[in-house]
Amino acid sequence: MKLAIIDNTARYTIHFGSAVSNQLQKNGLGTTLLYFPKTGVFGGLLRRRICLSNSNAFWSSFLYPFQICRKAKADKIEIAHIQLEINTFGHPITLALFPLLLIGLGASKINKVITLHGTFPRFLLLSSAPQTIVRNIFSRIFFLGFFTLFYKITKCFSSRLIVHSSIFKDWLTDYGINAEKIVVIPHGIVANPINCDETQLAYWAKKTAGKRVILCFGVLSPRKGLENLIRAFELVYKEHPDTILILSGDEPVYFSGYKEKLRSLSKELNIDKNVLFAGHIPEKDIGPLFEVAKVVVLPYSYSISASGPLSIALQYSKPIVATDTVFFRSELTNNENCLLSKSGSFISLSNNINTILASETLRNQLSNGARALALKNSWEKVASMTIDLYQKLQCKKSVCYS
């Protein structure tokens with residue numbers, strides 16, 4: 001088979017693409033191409049090093065349906081696997097062009113597999129409660145209509161949809177999508193991380209002044225409950241003054257000003273000297289940063305996707321404090337590989353962080369649990385499950401056209 005993976009070279013795709021490509025080549029099943037944009041999301045330069053030898057940077061935000069279809073036809077692609085997030089093709093408005101891509105690929109008789117990295121549940125779009133996606137009634141009506149239409153069109157013009165948890169499958173069926181068309185394949189985890197560079201480890205040790213690191217990693221977004229984390233850290237700091245909170249990542253353009261709001265809160269609580277806004281973390285620094293962390297915190301108010309930071313925390317066998325969102329409850333086990341906190345409660349967050357900091361025995365227990373889960377969902381296993389899906393689609397296509 002000839003496979004094209006389409007994405008903006010997110011960290012997920014580098015690991016996924018490498019694992020799939022290796023298995024296809026090893027078993028003589030086919031070849032893999034990576035189709036990615038000329039520039040990064042929102043016009044920034046690409047930050048990721050492309051690890052696949054057959055990689056092509058050629059499409060742009062508002063022309064991608066025509067550019068990708070033309071290239072796929074020329075390359076005689078049999079399966080196009082699209083890694084879809086709200087900003088995969090640039091500004092979220094470019095999602096409006098996505099059906100054209102699916103129709104164009106279908107015209108060339110190319111199987112289309114779509115991994116939905118974010119699923120917007122109807123109950124959150126309908127809710128007017130605090131900490132939900134949208135609270136304005138007109139915005140709720142617009143987004144509900146948009147995602148209902150978007151998911152139904154995507155379903156009609158795709159071969160299969162992949163989600164990372166059974167809960168996301170349930171959410172899609174709420175939009176009237178047949179369960180048979182949805183496949184659950186977990187988010188992959190690097191089961192055997194390479195040793196971190198000693199120079200980078202020393203850099204982070206110096207940057208944190210030897211303090212015990214509480215880490216929250218990823219894009220700065222209001223749905224991640226970061227205000228609650230900062231309020232929780234105020235209580236943790238009183239009990240453990242040898243700690244520092246690191247908030248890594250940047251705000252997307254559509255949440256402009258959110259980082260400054262978080263900075264102001266930390267100053268208001270008089271903990272700003274022990275709250276480090278680390279910004280974008282280069283690939284070479286991700287491993288060392290997780291290595292120096294004593295606790296990784298996932299304080300989300302709600303989940304609409306699998307968590308990349310969770311996968312990295314499991315990769316490095318870190319003790320985890322997570323909120324009891326539907327996704328985290330379905331993927332993690334309290335007291336085995338994490339401590340679950342009540343969503344929206346900074347008191348619950350602070351209590352669990354303090355509990356982990358105070359007990360080496362508990363830290364070791366949670367680390368061992370994280371390691372076991374990483375082995376269960378390794379990239380190699382994820383690649384095998386996905387290739388099985390590809391083969392079933394190819395067999396079905398052969399029957400259809402024989």
# chains A, B, ... in the order shown; residues from 1 in each chain; ligands from 1
>>> residues_around(residues="Lys273 (chain A)", least_positions_apart="3", cutoff="10 Å", atoms="only C-alpha atoms", output="list in words")
Ile244, Leu245, Ser266, Lys267, Asn270 and Leu276 of chain A
>>> closest_residue(among="A:Ile79, A:Glu268, A:Thr386, A:Asp324", to="Val163 (chain A)", atoms="only C-alpha atoms")
A:Thr386
>>> closest_residue(among="A:Glu180, A:Pro288, A:Gly145, A:Leu229", to="Lys207 (chain A)", atoms="only C-alpha atoms")
A:Pro288
>>> select_by_dssp(residues="region 9-185 of chain A", states="strand (DSSP E or B)", output="PyMOL selection string")
chain A and resi 31-37+55-59+79-84+111-116+160-163+182-184
>>> atom_distance(atom1="CA of Gly106 (chain A)", atom2="CA of Ala72 (chain A)")
10.9 Å
>>> closest_atom_pairs(of="region 288-329 of chain A", to="region 339-355 of chain A", cutoff="12 Å", atoms="only C-alpha atoms", output="JSON lines")
{"residue": "A:Lys294", "atom": "CA", "partner": "A:Ile353", "partner_atom": "CA", "distance": 9.7}
{"residue": "A:Val295", "atom": "CA", "partner": "A:Ile353", "partner_atom": "CA", "distance": 7.3}
{"residue": "A:Val296", "atom": "CA", "partner": "A:Ile353", "partner_atom": "CA", "distance": 9.1}
{"residue": "A:Val297", "atom": "CA", "partner": "A:Ile353", "partner_atom": "CA", "distance": 8.2}
{"residue": "A:Leu298", "atom": "CA", "partner": "A:Leu349", "partner_atom": "CA", "distance": 9.5}
{"residue": "A:Pro299", "atom": "CA", "partner": "A:Ser343", "partner_atom": "CA", "distance": 7.3}
{"residue": "A:Tyr300", "atom": "CA", "partner": "A:Ser343", "partner_atom": "CA", "distance": 7.1}
{"residue": "A:Ser301", "atom": "CA", "partner": "A:Ser343", "partner_atom": "CA", "distance": 5.7}
{"residue": "A:Tyr302", "atom": "CA", "partner": "A:Ser343", "partner_atom": "CA", "distance": 7.8}
{"residue": "A:Ser303", "atom": "CA", "partner": "A:Ser343", "partner_atom": "CA", "distance": 10.7}
{"residue": "A:Lys318", "atom": "CA", "partner": "A:Leu339", "partner_atom": "CA", "distance": 11.7}
{"residue": "A:Pro319", "atom": "CA", "partner": "A:Leu339", "partner_atom": "CA", "distance": 8.3}
{"residue": "A:Ile320", "atom": "CA", "partner": "A:Leu339", "partner_atom": "CA", "distance": 6.4}
{"residue": "A:Val321", "atom": "CA", "partner": "A:Leu339", "partner_atom": "CA", "distance": 4.9}
{"residue": "A:Ala322", "atom": "CA", "partner": "A:Leu340", "partner_atom": "CA", "distance": 5.1}
{"residue": "A:Thr323", "atom": "CA", "partner": "A:Ser341", "partner_atom": "CA", "distance": 4.5}
{"residue": "A:Asp324", "atom": "CA", "partner": "A:Leu340", "partner_atom": "CA", "distance": 5.5}
{"residue": "A:Thr325", "atom": "CA", "partner": "A:Ser343", "partner_atom": "CA", "distance": 6.7}
{"residue": "A:Val326", "atom": "CA", "partner": "A:Ser343", "partner_atom": "CA", "distance": 10.1}
{"residue": "A:Phe327", "atom": "CA", "partner": "A:Leu340", "partner_atom": "CA", "distance": 11.6}
{"residue": "A:Phe328", "atom": "CA", "partner": "A:Leu340", "partner_atom": "CA", "distance": 8.2}
{"residue": "A:Arg329", "atom": "CA", "partner": "A:Leu340", "partner_atom": "CA", "distance": 7.9}
>>> write_last_selection(atoms="N, CA and C atoms", output="PDB file, in the first residue's frame")
ATOM      1  N   LYS A 294       9.088  16.841  39.616  1.00  0.00           N
ATOM      2  CA  LYS A 294       8.675  15.919  40.677  1.00  0.00           C
ATOM      3  C   LYS A 294       7.240  15.472  40.487  1.00  0.00           C
ATOM      4  N   VAL A 295       6.404  16.396  39.976  1.00  0.00           N
ATOM      5  CA  VAL A 295       4.984  16.119  39.758  1.00  0.00           C
ATOM      6  C   VAL A 295       4.569  16.773  38.439  1.00  0.00           C
ATOM      7  N   VAL A 296       3.771  16.067  37.653  1.00  0.00           N
ATOM      8  CA  VAL A 296       3.159  16.654  36.460  1.00  0.00           C
ATOM      9  C   VAL A 296       1.672  16.829  36.747  1.00  0.00           C
ATOM     10  N   VAL A 297       1.165  18.043  36.523  1.00  0.00           N
ATOM     11  CA  VAL A 297      -0.225  18.355  36.852  1.00  0.00           C
ATOM     12  C   VAL A 297      -1.011  18.630  35.570  1.00  0.00           C
ATOM     13  N   LEU A 298      -2.176  17.999  35.472  1.00  0.00           N
ATOM     14  CA  LEU A 298      -3.102  18.194  34.354  1.00  0.00           C
ATOM     15  C   LEU A 298      -4.415  18.695  34.947  1.00  0.00           C
ATOM     16  N   PRO A 299      -4.560  20.024  35.115  1.00  0.00           N
ATOM     17  CA  PRO A 299      -5.668  20.589  35.899  1.00  0.00           C
ATOM     18  C   PRO A 299      -6.905  20.934  35.084  1.00  0.00           C
ATOM     19  N   TYR A 300      -7.130  20.246  33.976  1.00  0.00           N
ATOM     20  CA  TYR A 300      -8.136  20.621  32.995  1.00  0.00           C
ATOM     21  C   TYR A 300      -9.532  20.773  33.598  1.00  0.00           C
ATOM     22  N   SER A 301     -10.264  21.773  33.123  1.00  0.00           N
ATOM     23  CA  SER A 301     -11.664  21.935  33.511  1.00  0.00           C
ATOM     24  C   SER A 301     -12.539  20.919  32.794  1.00  0.00           C
ATOM     25  N   TYR A 302     -12.210  20.631  31.535  1.00  0.00           N
ATOM     26  CA  TYR A 302     -12.892  19.598  30.775  1.00  0.00           C
ATOM     27  C   TYR A 302     -11.952  19.158  29.660  1.00  0.00           C
ATOM     28  N   SER A 303     -12.218  17.980  29.092  1.00  0.00           N
ATOM     29  CA  SER A 303     -11.385  17.437  28.024  1.00  0.00           C
ATOM     30  C   SER A 303     -12.189  17.310  26.753  1.00  0.00           C
ATOM     31  N   LYS A 318       6.311   9.754  35.320  1.00  0.00           N
ATOM     32  CA  LYS A 318       6.179  10.815  36.310  1.00  0.00           C
ATOM     33  C   LYS A 318       4.920  10.623  37.163  1.00  0.00           C
ATOM     34  N   PRO A 319       4.985  10.960  38.459  1.00  0.00           N
ATOM     35  CA  PRO A 319       3.764  11.020  39.275  1.00  0.00           C
ATOM     36  C   PRO A 319       2.841  12.099  38.701  1.00  0.00           C
ATOM     37  N   ILE A 320       1.571  11.778  38.568  1.00  0.00           N
ATOM     38  CA  ILE A 320       0.618  12.658  37.882  1.00  0.00           C
ATOM     39  C   ILE A 320      -0.523  13.038  38.811  1.00  0.00           C
ATOM     40  N   VAL A 321      -0.869  14.327  38.797  1.00  0.00           N
ATOM     41  CA  VAL A 321      -2.115  14.793  39.397  1.00  0.00           C
ATOM     42  C   VAL A 321      -2.982  15.284  38.249  1.00  0.00           C
ATOM     43  N   ALA A 322      -4.166  14.691  38.090  1.00  0.00           N
ATOM     44  CA  ALA A 322      -5.077  15.077  37.018  1.00  0.00           C
ATOM     45  C   ALA A 322      -6.458  15.341  37.599  1.00  0.00           C
ATOM     46  N   THR A 323      -7.232  16.134  36.897  1.00  0.00           N
ATOM     47  CA  THR A 323      -8.618  16.359  37.324  1.00  0.00           C
ATOM     48  C   THR A 323      -9.498  15.223  36.802  1.00  0.00           C
ATOM     49  N   ASP A 324     -10.644  15.054  37.421  1.00  0.00           N
ATOM     50  CA  ASP A 324     -11.502  13.905  37.101  1.00  0.00           C
ATOM     51  C   ASP A 324     -12.440  14.211  35.931  1.00  0.00           C
ATOM     52  N   THR A 325     -11.866  14.711  34.822  1.00  0.00           N
ATOM     53  CA  THR A 325     -12.665  14.875  33.615  1.00  0.00           C
ATOM     54  C   THR A 325     -13.045  13.488  33.098  1.00  0.00           C
ATOM     55  N   VAL A 326     -14.020  13.433  32.213  1.00  0.00           N
ATOM     56  CA  VAL A 326     -14.477  12.144  31.700  1.00  0.00           C
ATOM     57  C   VAL A 326     -13.327  11.386  31.047  1.00  0.00           C
ATOM     58  N   PHE A 327     -12.470  12.100  30.298  1.00  0.00           N
ATOM     59  CA  PHE A 327     -11.356  11.439  29.625  1.00  0.00           C
ATOM     60  C   PHE A 327     -10.344  10.887  30.627  1.00  0.00           C
ATOM     61  N   PHE A 328      -9.903  11.703  31.564  1.00  0.00           N
ATOM     62  CA  PHE A 328      -8.890  11.235  32.510  1.00  0.00           C
ATOM     63  C   PHE A 328      -9.419  10.084  33.369  1.00  0.00           C
ATOM     64  N   ARG A 329     -10.699  10.137  33.719  1.00  0.00           N
ATOM     65  CA  ARG A 329     -11.288   9.025  34.493  1.00  0.00           C
ATOM     66  C   ARG A 329     -11.282   7.735  33.685  1.00  0.00           C
TER      67      ARG A 329
END
>>> select_by_dssp(residues="region 238-300 of chain A", states="alpha helix (DSSP H)", output="list in words")
Lys238, Glu239, Tyr258, Lys259, Glu260, Lys261, Leu262, Arg263, Ser264, Leu265, Ser266, Lys267, Glu268, Glu283, Lys284, Asp285, Ile286, Gly287, Pro288, Leu289, Phe290, Glu291 and Val292 of chain A
>>> residues_around(residues="Glu198 (chain A)", least_positions_apart="6", cutoff="12 Å", atoms="only C-alpha atoms", output="PDB file with C-alpha atoms, in the first residue's frame")
ATOM      1  CA  TRP A 204      16.981  23.038  33.855  1.00  0.00           C
ATOM      2  CA  ALA A 205      18.416  22.285  37.265  1.00  0.00           C
ATOM      3  CA  LYS A 284      15.644  18.893  22.921  1.00  0.00           C
ATOM      4  CA  ASP A 285      14.396  20.364  26.201  1.00  0.00           C
ATOM      5  CA  GLY A 287      12.791  15.257  27.992  1.00  0.00           C
ATOM      6  CA  PRO A 288      15.082  17.082  30.440  1.00  0.00           C
ATOM      7  CA  LEU A 289      12.195  19.264  31.638  1.00  0.00           C
ATOM      8  CA  GLU A 291      13.018  14.484  34.030  1.00  0.00           C
ATOM      9  CA  VAL A 292      13.514  17.284  36.566  1.00  0.00           C
TER      10      VAL A 292
END
>>> closest_atom_pairs(of="region 286-396 of chain A", to="region 182-186 of chain A", cutoff="9 Å", atoms="only C-alpha atoms", output="Markdown table")
| residue | atom | partner | partner_atom | distance |
| --- | --- | --- | --- | --- |
| A:Ala306 | CA | A:Pro186 | CA | 8.4 |
| A:Asn377 | CA | A:Pro186 | CA | 6.6 |
| A:Val382 | CA | A:Ile185 | CA | 6.6 |
| A:Met385 | CA | A:Ile185 | CA | 7.1 |
| A:Thr386 | CA | A:Ile185 | CA | 7.5 |
| A:Leu389 | CA | A:Val183 | CA | 8.6 |
>>> write_last_selection(atoms="C-alpha atoms", output="PDB file, in the first residue's frame")
ATOM      1  CA  ALA A 306      -6.562  12.985  24.338  1.00  0.00           C
ATOM      2  CA  ASN A 377      -0.047   1.956  24.769  1.00  0.00           C
ATOM      3  CA  VAL A 382      -0.670   1.828  18.105  1.00  0.00           C
ATOM      4  CA  MET A 385      -3.600  -1.419  15.276  1.00  0.00           C
ATOM      5  CA  THR A 386      -3.638   1.327  12.643  1.00  0.00           C
ATOM      6  CA  LEU A 389      -7.257  -0.891   9.887  1.00  0.00           C
TER       7      LEU A 389
END
>>> atom_distance(atom1="CA of Asn111 (chain A)", atom2="CA of Ala96 (chain A)")
20.7 Å
>>> residues_around(residues="Leu33 (chain A)", least_positions_apart="4", cutoff="9 Å", atoms="only C-alpha atoms", output="list in words")
Lys2, Leu3, Ala4, Ile5, Ile6, Gly17, Ser21, Leu52, Ser53, Asn54, Ser55, Asn56 and Ile77 of chain A
>>> closest_residue(among="A:Glu239, A:Glu234, A:Asp75, A:Glu227", to="Ile271 (chain A)", atoms="only C-alpha atoms")
A:Glu234
>>> closest_residue(among="A:Thr88, A:Ser367, A:Ser305, A:Thr148", to="Leu125 (chain A)", atoms="only C-alpha atoms")
A:Thr148
>>> atom_distance(atom1="CA of Ala383 (chain A)", atom2="CA of Ala74 (chain A)")
25.8 Å
